[in-house]
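Structure file start.csv; described as CSV, C-alpha atoms.
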chain,number,residue,atom,x,y,z
A,1,MET,CA,-11.2,4.5,25.0
A,2,ALA,CA,-9.3,2.5,27.7
A,3,ILE,CA,-7.0,5.4,28.5
A,4,ASN,CA,-10.0,7.7,28.9
A,5,VAL,CA,-11.8,5.3,31.1
A,6,PHE,CA,-8.8,4.9,33.4
A,7,PHE,CA,-8.2,8.7,33.3
A,8,LEU,CA,-11.8,9.2,34.5
A,9,PHE,CA,-11.4,6.8,37.4
A,10,MET,CA,-8.1,8.4,38.5
A,11,SER,CA,-9.2,12.0,38.0
A,12,SER,CA,-12.6,11.5,39.7
A,13,TRP,CA,-11.0,10.1,42.9
A,14,TRP,CA,-8.6,13.0,43.0
A,15,MET,CA,-11.1,15.8,42.0
A,16,LEU,CA,-13.6,14.7,44.7
A,17,ALA,CA,-10.9,15.6,47.3
A,18,LEU,CA,-10.8,19.2,46.0
A,19,PRO,CA,-12.6,21.9,48.1
A,20,LEU,CA,-16.3,22.1,47.6
A,21,PRO,CA,-17.3,24.8,45.0
A,22,SER,CA,-17.9,28.3,46.3
A,23,GLU,CA,-17.3,31.9,45.4
A,24,ASN,CA,-13.7,31.6,46.6
A,25,PHE,CA,-12.9,28.0,45.6
A,26,THR,CA,-13.3,27.1,42.0
A,27,PHE,CA,-10.8,24.3,41.9
A,28,ARG,CA,-13.4,21.8,40.8
A,29,GLU,CA,-14.5,23.7,37.7
A,30,LEU,CA,-11.9,22.5,35.2
A,31,PRO,CA,-11.7,18.8,36.3
A,32,PHE,CA,-15.5,18.4,36.5
A,33,GLN,CA,-16.0,20.0,33.0
A,34,LEU,CA,-13.3,17.8,31.6
A,35,HIS,CA,-14.8,14.7,33.3
A,36,LYS,CA,-18.2,15.4,31.8
A,37,ASN,CA,-16.8,16.1,28.3
A,38,ILE,CA,-14.7,13.0,28.2
A,39,GLY,CA,-17.7,11.0,29.6
A,40,ILE,CA,-20.0,12.3,26.9
A,41,THR,CA,-17.4,11.5,24.2
A,42,ILE,CA,-16.9,8.0,25.6
A,43,PHE,CA,-20.7,7.5,25.6
A,44,VAL,CA,-20.9,8.3,21.8
A,45,ILE,CA,-18.0,5.8,21.1
A,46,ALA,CA,-19.5,3.2,23.4
A,47,ILE,CA,-22.9,3.4,21.7
A,48,TYR,CA,-21.2,2.9,18.3
A,49,LEU,CA,-19.1,0.0,19.6
A,50,LEU,CA,-22.2,-1.6,21.2
A,51,ALA,CA,-24.1,-1.3,17.9
A,52,VAL,CA,-21.2,-2.9,16.0
A,53,ARG,CA,-21.1,-5.8,18.5
A,54,VAL,CA,-24.8,-6.3,18.3
A,55,SER,CA,-24.9,-6.4,14.5
A,56,LYS,CA,-21.9,-8.7,14.5
A,57,ILE,CA,-23.6,-11.1,16.9
A,58,ARG,CA,-26.8,-11.0,14.8
A,59,ARG,CA,-24.8,-11.8,11.7
A,60,ASN,CA,-23.0,-14.7,13.4
A,61,ALA,CA,-25.9,-15.9,15.6
A,62,PHE,CA,-26.3,-19.2,13.9
A,63,LYS,CA,-22.7,-19.7,12.9
A,64,SER,CA,-20.6,-19.7,16.1
A,65,ASN,CA,-21.2,-22.6,18.4
A,66,ILE,CA,-17.9,-22.2,20.2
A,67,LYS,CA,-18.5,-21.5,23.8
A,68,SER,CA,-15.4,-19.3,24.3
A,69,GLU,CA,-16.4,-17.1,21.4
A,70,ARG,CA,-19.9,-16.6,22.9
A,71,SER,CA,-18.3,-15.7,26.2
A,72,VAL,CA,-16.1,-13.1,24.6
A,73,GLU,CA,-19.2,-11.5,22.9
A,74,LYS,CA,-21.1,-11.5,26.2
A,75,GLY,CA,-18.1,-10.0,28.0
A,76,HIS,CA,-17.8,-7.2,25.5
A,77,LEU,CA,-21.5,-6.5,25.6
A,78,VAL,CA,-21.4,-6.2,29.4
A,79,LEU,CA,-18.4,-3.9,29.2
A,80,TYR,CA,-20.0,-1.6,26.7
A,81,PHE,CA,-23.3,-1.7,28.5
A,82,LEU,CA,-21.7,-0.7,31.8
A,83,ILE,CA,-19.7,2.1,30.1
A,84,THR,CA,-22.9,3.4,28.6
A,85,PHE,CA,-24.8,3.2,31.9
A,86,CYS,CA,-22.0,4.9,33.8
A,87,CYS,CA,-22.1,7.8,31.3
A,88,ILE,CA,-25.9,8.1,31.4
A,89,SER,CA,-26.1,8.0,35.2
A,90,GLY,CA,-23.3,10.5,35.5
A,91,TYR,CA,-24.9,12.9,33.1
A,92,LEU,CA,-28.3,12.6,34.8
A,93,SER,CA,-26.7,13.2,38.2
A,94,SER,CA,-25.0,16.3,36.8
A,95,SER,CA,-28.2,17.6,35.2
A,96,TYR,CA,-30.1,17.3,38.5
A,97,SER,CA,-27.3,19.0,40.4
A,98,GLY,CA,-28.1,22.3,38.6
A,99,TRP,CA,-24.6,22.7,37.1
A,100,GLY,CA,-24.5,23.2,33.4
A,101,THR,CA,-22.4,21.4,30.9
A,102,THR,CA,-20.4,23.0,28.1
A,103,LEU,CA,-19.4,20.4,25.6
A,104,TRP,CA,-15.6,20.9,25.0
A,105,TRP,CA,-15.9,24.5,26.0
A,106,SER,CA,-17.8,25.3,22.8
A,107,LEU,CA,-21.4,24.0,23.0
A,108,ASP,CA,-23.7,24.7,25.9
A,109,LEU,CA,-25.9,21.7,26.4
A,110,PRO,CA,-29.5,22.6,27.3
A,111,LEU,CA,-30.6,22.3,30.9
A,112,TRP,CA,-33.5,19.9,30.5
A,113,ALA,CA,-34.0,19.2,34.2
A,114,GLU,CA,-34.7,21.3,37.3
A,115,GLU,CA,-32.3,21.1,40.2
A,116,ASN,CA,-33.4,18.2,42.4
A,117,ASP,CA,-31.2,17.1,45.3
A,118,SER,CA,-32.8,13.7,45.8
A,119,LEU,CA,-32.6,12.7,42.1
A,120,ASN,CA,-29.1,14.0,42.0
A,121,ILE,CA,-28.1,11.7,45.0
A,122,LEU,CA,-30.0,8.8,43.4
A,123,PHE,CA,-28.2,9.1,40.0
A,124,SER,CA,-24.9,9.9,41.8
A,125,ASP,CA,-25.2,6.6,43.7
A,126,LEU,CA,-26.1,4.7,40.5
A,127,HIS,CA,-23.1,6.3,38.8
A,128,LEU,CA,-20.8,5.3,41.7
A,129,TRP,CA,-22.0,1.6,41.9
A,130,SER,CA,-22.0,1.1,38.1
A,131,CYS,CA,-18.5,2.5,38.0
A,132,TRP,CA,-17.4,0.0,40.6
A,133,ALA,CA,-19.0,-2.8,38.6
A,134,LEU,CA,-17.2,-1.5,35.5
A,135,LEU,CA,-13.9,-1.5,37.2
A,136,LEU,CA,-14.6,-5.1,38.3
A,137,VAL,CA,-15.4,-6.1,34.7
A,138,ILE,CA,-12.3,-4.3,33.4
A,139,ALA,CA,-10.2,-6.2,35.9
A,140,GLY,CA,-11.7,-9.5,34.6
A,141,HIS,CA,-11.1,-8.3,30.9
A,142,VAL,CA,-7.5,-7.5,31.6
A,143,GLY,CA,-7.0,-10.8,33.5
A,144,VAL,CA,-8.3,-12.8,30.5
A,145,ALA,CA,-6.2,-10.8,28.1
A,146,LEU,CA,-3.1,-11.5,30.2
A,147,TYR,CA,-4.1,-15.2,30.5
A,148,HIS,CA,-4.1,-15.5,26.7
A,149,ALA,CA,-0.8,-13.6,26.5
A,150,PHE,CA,1.0,-15.8,29.0
A,151,ARG,CA,-0.4,-18.9,27.1
A,152,SER,CA,0.8,-17.3,23.9
A,153,ASP,CA,-2.3,-18.4,21.9
A,154,LEU,CA,-3.9,-17.0,18.8
A,155,THR,CA,-6.4,-14.9,20.8
A,156,THR,CA,-3.6,-12.5,21.6
A,157,ASP,CA,-2.8,-12.0,17.9
A,158,LYS,CA,-6.5,-11.3,17.2
A,159,MET,CA,-6.6,-8.7,20.1
A,160,TYR,CA,-3.6,-6.7,18.8
A,161,ARG,CA,-3.9,-7.0,15.1
A,162,TRP,CA,-1.7,-4.3,13.6
B,1,MET,CA,10.1,-14.6,32.6
B,2,SER,CA,10.1,-16.3,29.2
B,3,ILE,CA,7.9,-19.4,29.1
B,4,LYS,CA,9.5,-21.9,26.8
B,5,LYS,CA,7.5,-24.5,24.9
B,6,GLY,CA,10.1,-26.6,23.2
B,7,LYS,CA,12.3,-24.2,21.3
B,8,THR,CA,9.8,-21.4,21.0
B,9,VAL,CA,10.0,-18.5,23.5
B,10,ASN,CA,6.8,-16.8,24.6
B,11,ILE,CA,7.4,-13.1,24.2
B,12,LYS,CA,3.8,-11.9,23.6
B,13,TRP,CA,3.4,-11.1,27.3
B,14,ILE,CA,5.9,-8.3,26.9
B,15,GLY,CA,3.7,-6.6,24.3
B,16,VAL,CA,0.5,-7.1,26.2
B,17,THR,CA,1.9,-5.9,29.6
B,18,SER,CA,3.5,-2.9,27.7
B,19,VAL,CA,0.0,-2.0,26.4
B,20,LEU,CA,-1.6,-2.4,29.9
B,21,PHE,CA,1.0,-0.4,31.7
B,22,GLY,CA,1.1,2.1,28.9
B,23,ILE,CA,-2.6,2.8,29.2
B,24,LEU,CA,-2.3,3.1,33.0
B,25,LEU,CA,0.7,5.5,32.8
B,26,VAL,CA,-0.9,7.7,30.2
B,27,ALA,CA,-4.0,8.0,32.4
B,28,ASN,CA,-1.8,8.6,35.5
B,29,ASN,CA,0.4,11.3,33.8
B,30,SER,CA,-2.7,13.1,32.3
B,31,ASN,CA,-4.1,13.2,35.8
B,32,GLU,CA,-0.9,14.6,37.2
B,33,ILE,CA,-0.8,17.3,34.5
B,34,LEU,CA,-4.4,18.2,35.3
B,35,ARG,CA,-3.5,18.4,39.0
B,36,GLN,CA,-0.7,20.9,38.2
B,37,ALA,CA,-3.0,22.9,36.0
B,38,VAL,CA,-5.6,23.2,38.7
B,39,ILE,CA,-3.6,23.8,41.8
B,40,LEU,CA,-1.8,27.1,40.9
B,41,PRO,CA,0.5,29.1,43.1
B,42,GLY,CA,-1.1,32.4,44.3
B,43,SER,CA,-4.6,30.9,44.5
B,44,VAL,CA,-7.1,31.7,47.2
B,45,ALA,CA,-6.3,28.6,49.2
B,46,GLU,CA,-2.9,30.1,50.1
B,47,SER,CA,-4.6,32.9,52.0
B,48,ALA,CA,-6.5,32.0,55.2
B,49,VAL,CA,-9.9,31.7,53.6
B,50,ALA,CA,-12.1,29.2,55.4
B,51,ALA,CA,-13.7,26.3,53.5
B,52,ASP,CA,-17.3,26.9,52.4
B,53,CYS,CA,-19.1,23.8,53.7
B,54,ARG,CA,-22.8,24.1,53.1
B,55,PRO,CA,-24.9,21.4,54.9
B,56,ASP,CA,-26.7,20.4,51.8
B,57,GLU,CA,-23.4,19.9,49.9
B,58,LEU,CA,-22.1,17.8,52.8
B,59,VAL,CA,-25.1,15.5,52.6
B,60,GLU,CA,-24.8,15.3,48.8
B,61,GLU,CA,-21.1,14.4,49.0
B,62,ASP,CA,-21.4,12.2,52.1
B,63,LEU,CA,-18.8,14.3,53.9
B,64,SER,CA,-18.3,15.4,57.5
B,65,LEU,CA,-17.6,19.1,58.3
B,66,LYS,CA,-14.0,18.2,59.3
B,67,GLU,CA,-13.4,16.4,56.0
B,68,CYS,CA,-14.8,19.4,54.0
B,69,GLU,CA,-12.4,21.7,55.9
B,70,LEU,CA,-9.4,19.4,55.3
B,71,MET,CA,-10.0,19.5,51.6
B,72,VAL,CA,-8.6,23.1,51.6
B,73,SER,CA,-5.6,21.8,53.7
B,74,ASN,CA,-5.0,19.3,50.9
B,75,ILE,CA,-4.5,22.1,48.4
B,76,GLN,CA,-2.4,24.1,51.0
B,77,ILE,CA,-0.1,21.1,51.4
B,78,MET,CA,0.6,21.0,47.7
B,79,LEU,CA,1.2,24.8,47.4
B,80,ALA,CA,3.2,25.3,50.6
B,81,SER,CA,5.5,22.3,50.0
B,82,SER,CA,6.2,23.0,46.2
B,83,PRO,CA,9.3,25.1,45.5
B,84,SER,CA,8.9,27.5,42.6
B,85,TRP,CA,10.9,25.3,40.3
B,86,PHE,CA,8.9,22.1,41.1
B,87,ARG,CA,5.7,22.8,39.0
B,88,PRO,CA,7.3,23.6,35.6
B,89,ILE,CA,9.8,20.8,35.9
B,90,THR,CA,7.2,18.2,36.9
B,91,ILE,CA,4.8,19.3,34.1
B,92,CYS,CA,7.6,18.8,31.6
B,93,LEU,CA,8.6,15.5,33.0
B,94,TYR,CA,5.0,14.2,33.1
B,95,ILE,CA,4.4,15.3,29.5
B,96,LEU,CA,7.6,13.5,28.4
B,97,GLY,CA,6.5,10.5,30.4
B,98,LEU,CA,3.0,10.7,28.7
B,99,VAL,CA,4.5,10.7,25.2
B,100,SER,CA,6.9,7.9,26.1
B,101,ALA,CA,4.0,5.9,27.6
B,102,LEU,CA,2.1,6.4,24.3
B,103,PHE,CA,5.1,5.0,22.4
B,104,SER,CA,5.4,2.0,24.7
B,105,LEU,CA,1.6,1.4,24.2
B,106,VAL,CA,1.8,1.6,20.4
B,107,PHE,CA,5.0,-0.4,20.0
B,108,GLY,CA,3.7,-2.9,22.6
B,109,MET,CA,0.7,-3.6,20.4
B,110,ARG,CA,3.0,-4.0,17.4
B,111,PHE,CA,5.4,-6.2,19.4
B,112,VAL,CA,2.7,-8.9,19.8
B,113,ASN,CA,2.5,-9.6,16.1
B,114,SER,CA,5.8,-8.4,14.8
B,115,PRO,CA,8.4,-8.5,17.6
B,116,GLU,CA,11.4,-7.9,15.4
B,117,SER,CA,10.1,-4.7,13.9
B,118,ALA,CA,8.9,-3.2,17.2
B,119,ARG,CA,11.7,-4.4,19.5
B,120,ARG,CA,14.1,-1.5,19.1
B,121,SER,CA,11.3,1.1,19.4
B,122,LEU,CA,9.9,-0.6,22.5
B,123,TYR,CA,13.5,-0.7,24.0
B,124,VAL,CA,13.9,3.0,23.4
B,125,SER,CA,10.5,3.7,25.0
B,126,PHE,CA,11.4,1.8,28.1
B,127,VAL,CA,14.8,3.4,28.4
B,128,LEU,CA,13.1,6.8,28.2
B,129,LEU,CA,10.5,5.8,30.8
B,130,VAL,CA,13.1,4.5,33.2
B,131,GLY,CA,15.1,7.7,32.8
B,132,ILE,CA,12.0,9.9,33.3
B,133,ASP,CA,11.1,7.9,36.4
B,134,LEU,CA,14.5,8.5,37.8
B,135,LEU,CA,14.3,12.2,37.1
B,136,ILE,CA,10.9,12.5,38.7
B,137,PHE,CA,12.2,10.6,41.7
B,138,ALA,CA,15.3,12.9,41.9
B,139,THR,CA,13.1,16.0,41.5
B,140,THR,CA,10.7,15.0,44.2
B,141,SER,CA,13.5,13.9,46.5
B,142,ALA,CA,14.7,17.5,46.5
B,143,THR,CA,11.4,18.8,47.9
B,144,GLY,CA,10.0,18.5,51.5
B,145,PRO,CA,8.5,15.5,53.3
B,146,LEU,CA,4.9,16.4,52.4
B,147,LEU,CA,5.5,16.1,48.6
B,148,ARG,CA,7.8,13.2,49.0
B,149,SER,CA,5.1,11.3,50.8
B,150,ILE,CA,2.7,11.8,47.8
B,151,TYR,CA,5.1,11.2,44.9
B,152,LEU,CA,8.1,9.0,45.9
B,153,TRP,CA,6.4,5.6,46.4
B,154,PRO,CA,4.3,5.6,43.2
B,155,THR,CA,7.3,6.8,41.2
B,156,LEU,CA,9.4,4.0,42.6
B,157,ILE,CA,6.7,1.4,41.6
B,158,TRP,CA,6.6,2.8,38.1
B,159,PHE,CA,10.4,2.7,37.9
B,160,PHE,CA,10.5,-1.0,38.8
B,161,ILE,CA,7.7,-1.8,36.4
B,162,HIS,CA,9.5,-0.1,33.5
B,163,LEU,CA,12.8,-1.7,34.6
B,164,VAL,CA,11.2,-5.2,34.5
B,165,LEU,CA,9.8,-4.5,31.0
B,166,LEU,CA,13.1,-3.0,29.7
B,167,VAL,CA,15.0,-6.1,30.9
B,168,ALA,CA,12.4,-8.3,29.3
B,169,VAL,CA,12.9,-6.6,26.0
B,170,VAL,CA,16.7,-6.8,26.3
B,171,SER,CA,16.7,-10.4,27.3
B,172,TYR,CA,14.4,-11.3,24.4
B,173,ASN,CA,17.0,-9.6,22.2
B,174,SER,CA,19.9,-11.7,23.5
B,175,GLU,CA,17.8,-14.8,23.6
B,176,SER,CA,17.0,-14.5,19.9
B,177,LYS,CA,20.7,-13.8,19.0
B,178,ARG,CA,21.7,-16.9,20.9
B,179,GLU,CA,19.2,-18.9,18.9
B,180,VAL,CA,20.5,-17.6,15.6
B,181,ASN,CA,24.1,-18.4,16.7

Take the structure from the file and write it as structure tokens.
Amino acid sequence: MAINVFFLFMSSWWMLALPLPSENFTFRELPFQLHKNIGITIFVIAIYLLAVRVSKIRRNAFKSNIKSERSVEKGHLVLYFLITFCCISGYLSSSYSGWGTTLWWSLDLPLWAEENDSLNILFSDLHLWSCWALLLVIAGHVGVALYHAFRSDLTTDKMYRW
Amino acid sequence: MSIKKGKTVNIKWIGVTSVLFGILLVANNSNEILRQAVILPGSVAESAVAADCRPDELVEEDLSLKECELMVSNIQIMLASSPSWFRPITICLYILGLVSALFSLVFGMRFVNSPESARRSLYVSFVLLVGIDLLIFATTSATGPLLRSIYLWPTLIWFFIHLVLLVAVVSYNSESKREVN
């Protein structure tokens, strides 16, 4: 999941510097399809992880009074929510752009929206800003993980249980 | 950079940083392989075809006409400055780097809870990564200034990151031996 999220960040910065699509230039085809496919796959995983987190919180709602544990839960919820939002806004932007999506080159997803430039720009902006927010939260998440690692406390063992 | 608390040595940071840099390197190398798969020699960008910059697309992408035209030059730089041997060699090196990064990630995770069992594998992963970084550096050095400006600096940064982690694993090894003696 983390590898895919970082790959999407890196590849999106690079692919947006490729020539705009036209009859002659089709450089964007493969990176954009790959971007959408990985995004949709991440969305499915994020929804599952979000559901697991929510059910875990519900089960432990009246048990955990430790402030740090509640912060960890909130942090993960924000992370999964932002990942989900990035995926949805990206997919909506793509749908309004008029470009179709073939899921992993095998399943044509139905075009359920007409091409609409203003909605495309709106969702594209939402995608952009939610991704910046996600990057910020990831940086915080990594920072906390490193903090626990440098302190060598039990949290690190929980994170990397093998 | 071992942080000592009494007689115990904190080595968990080696595992955690291995995981972090492993994730980043896998993403980085995947992107590089994608770049090599997309920018192929003999493509239309090599001929003098002008960029297709439709005004509506420029508004959508928030681009100026000049930026749009330069996007084709971006591709031309890659194609014109890559010798014929560069693409196959870099693809192989980046695939090897990706696999080694995956190993460093997996064994880094294991190192946190079970340093003794993962130490040797993590050491091998970092030796491979340092070697691959050197090979990428040498390969890119043999090309022209345009490719060197894109690849050399990031490769050097990765080389030093892997060197630091390799030395950390090695120093943990000698530290533990000294404690036993």

For chain A versus chain B, which residues have an atom no more than 6 Å away, and what is each residue's nearest atom pair and distance in Å rounded to one decimal, using all atoms listed in the file, chain-then-number order, as a tab-separated table?
residue	atom	partner	partner_atom	distance
A:Ile3	CA	B:Ile23	CA	5.2
A:Phe6	CA	B:Ala27	CA	5.8
A:Phe7	CA	B:Ala27	CA	4.4
A:Ser11	CA	B:Asn31	CA	5.7
A:Ala17	CA	B:Met71	CA	5.9
A:Leu18	CA	B:Met71	CA	5.7
A:Pro19	CA	B:Met71	CA	5.0
A:Ala149	CA	B:Trp13	CA	5.0
A:Phe150	CA	B:Trp13	CA	5.5
A:Tyr160	CA	B:Met109	CA	5.5

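Between atom CA of Val169 of chain B and atom CA of Val5 of chain A the interatomic distance comes to 27.9 Å.
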
(request) Tell me which protein, DNA and RNA residues are within 8 Å of Leu126 of chain A, counting all atoms listed in the file, leaving out same-chain ones fewer than 4 positions away, and put them as a PyMOL selection string. (result) chain A and resi 86+89+122+130

Now that the selection is made, can you save its residues with C-alpha atoms as a PDB file, in the frame of the given file?
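Writing the result to out_14.pdb gives the following:
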ATOM      1  CA  CYS A  86     -22.000   4.900  33.800  1.00  0.00           C
ATOM      2  CA  SER A  89     -26.100   8.000  35.200  1.00  0.00           C
ATOM      3  CA  LEU A 122     -30.000   8.800  43.400  1.00  0.00           C
ATOM      4  CA  SER A 130     -22.000   1.100  38.100  1.00  0.00           C
TER       5      SER A 130
END

(message) I need the residue nearest His162 of chain B from this list: B:Ala101, B:Trp85, B:Ile77, B:Leu147. Use all atoms listed in the file for the distance.
(response)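 Nearest candidate to His162 of chain B out of B:Ala101, B:Trp85, B:Ile77, B:Leu147: B:Ala101.
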
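Going from atom CA of Phe126 of chain B to atom CA of Leu154 of chain A covers 26.0 Å.
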
(message) Could you list, as an MDAnalysis selection string, every residue within 12 Å of Phe32 of chain A, counting all atoms listed in the file and ignoring same-chain residues fewer than 5 positions away?
(response) (chainID A and resid 8 11:16 18 20:21 26:27 37:39 90:91 94 99:104) or (chainID B and resid 34 38)
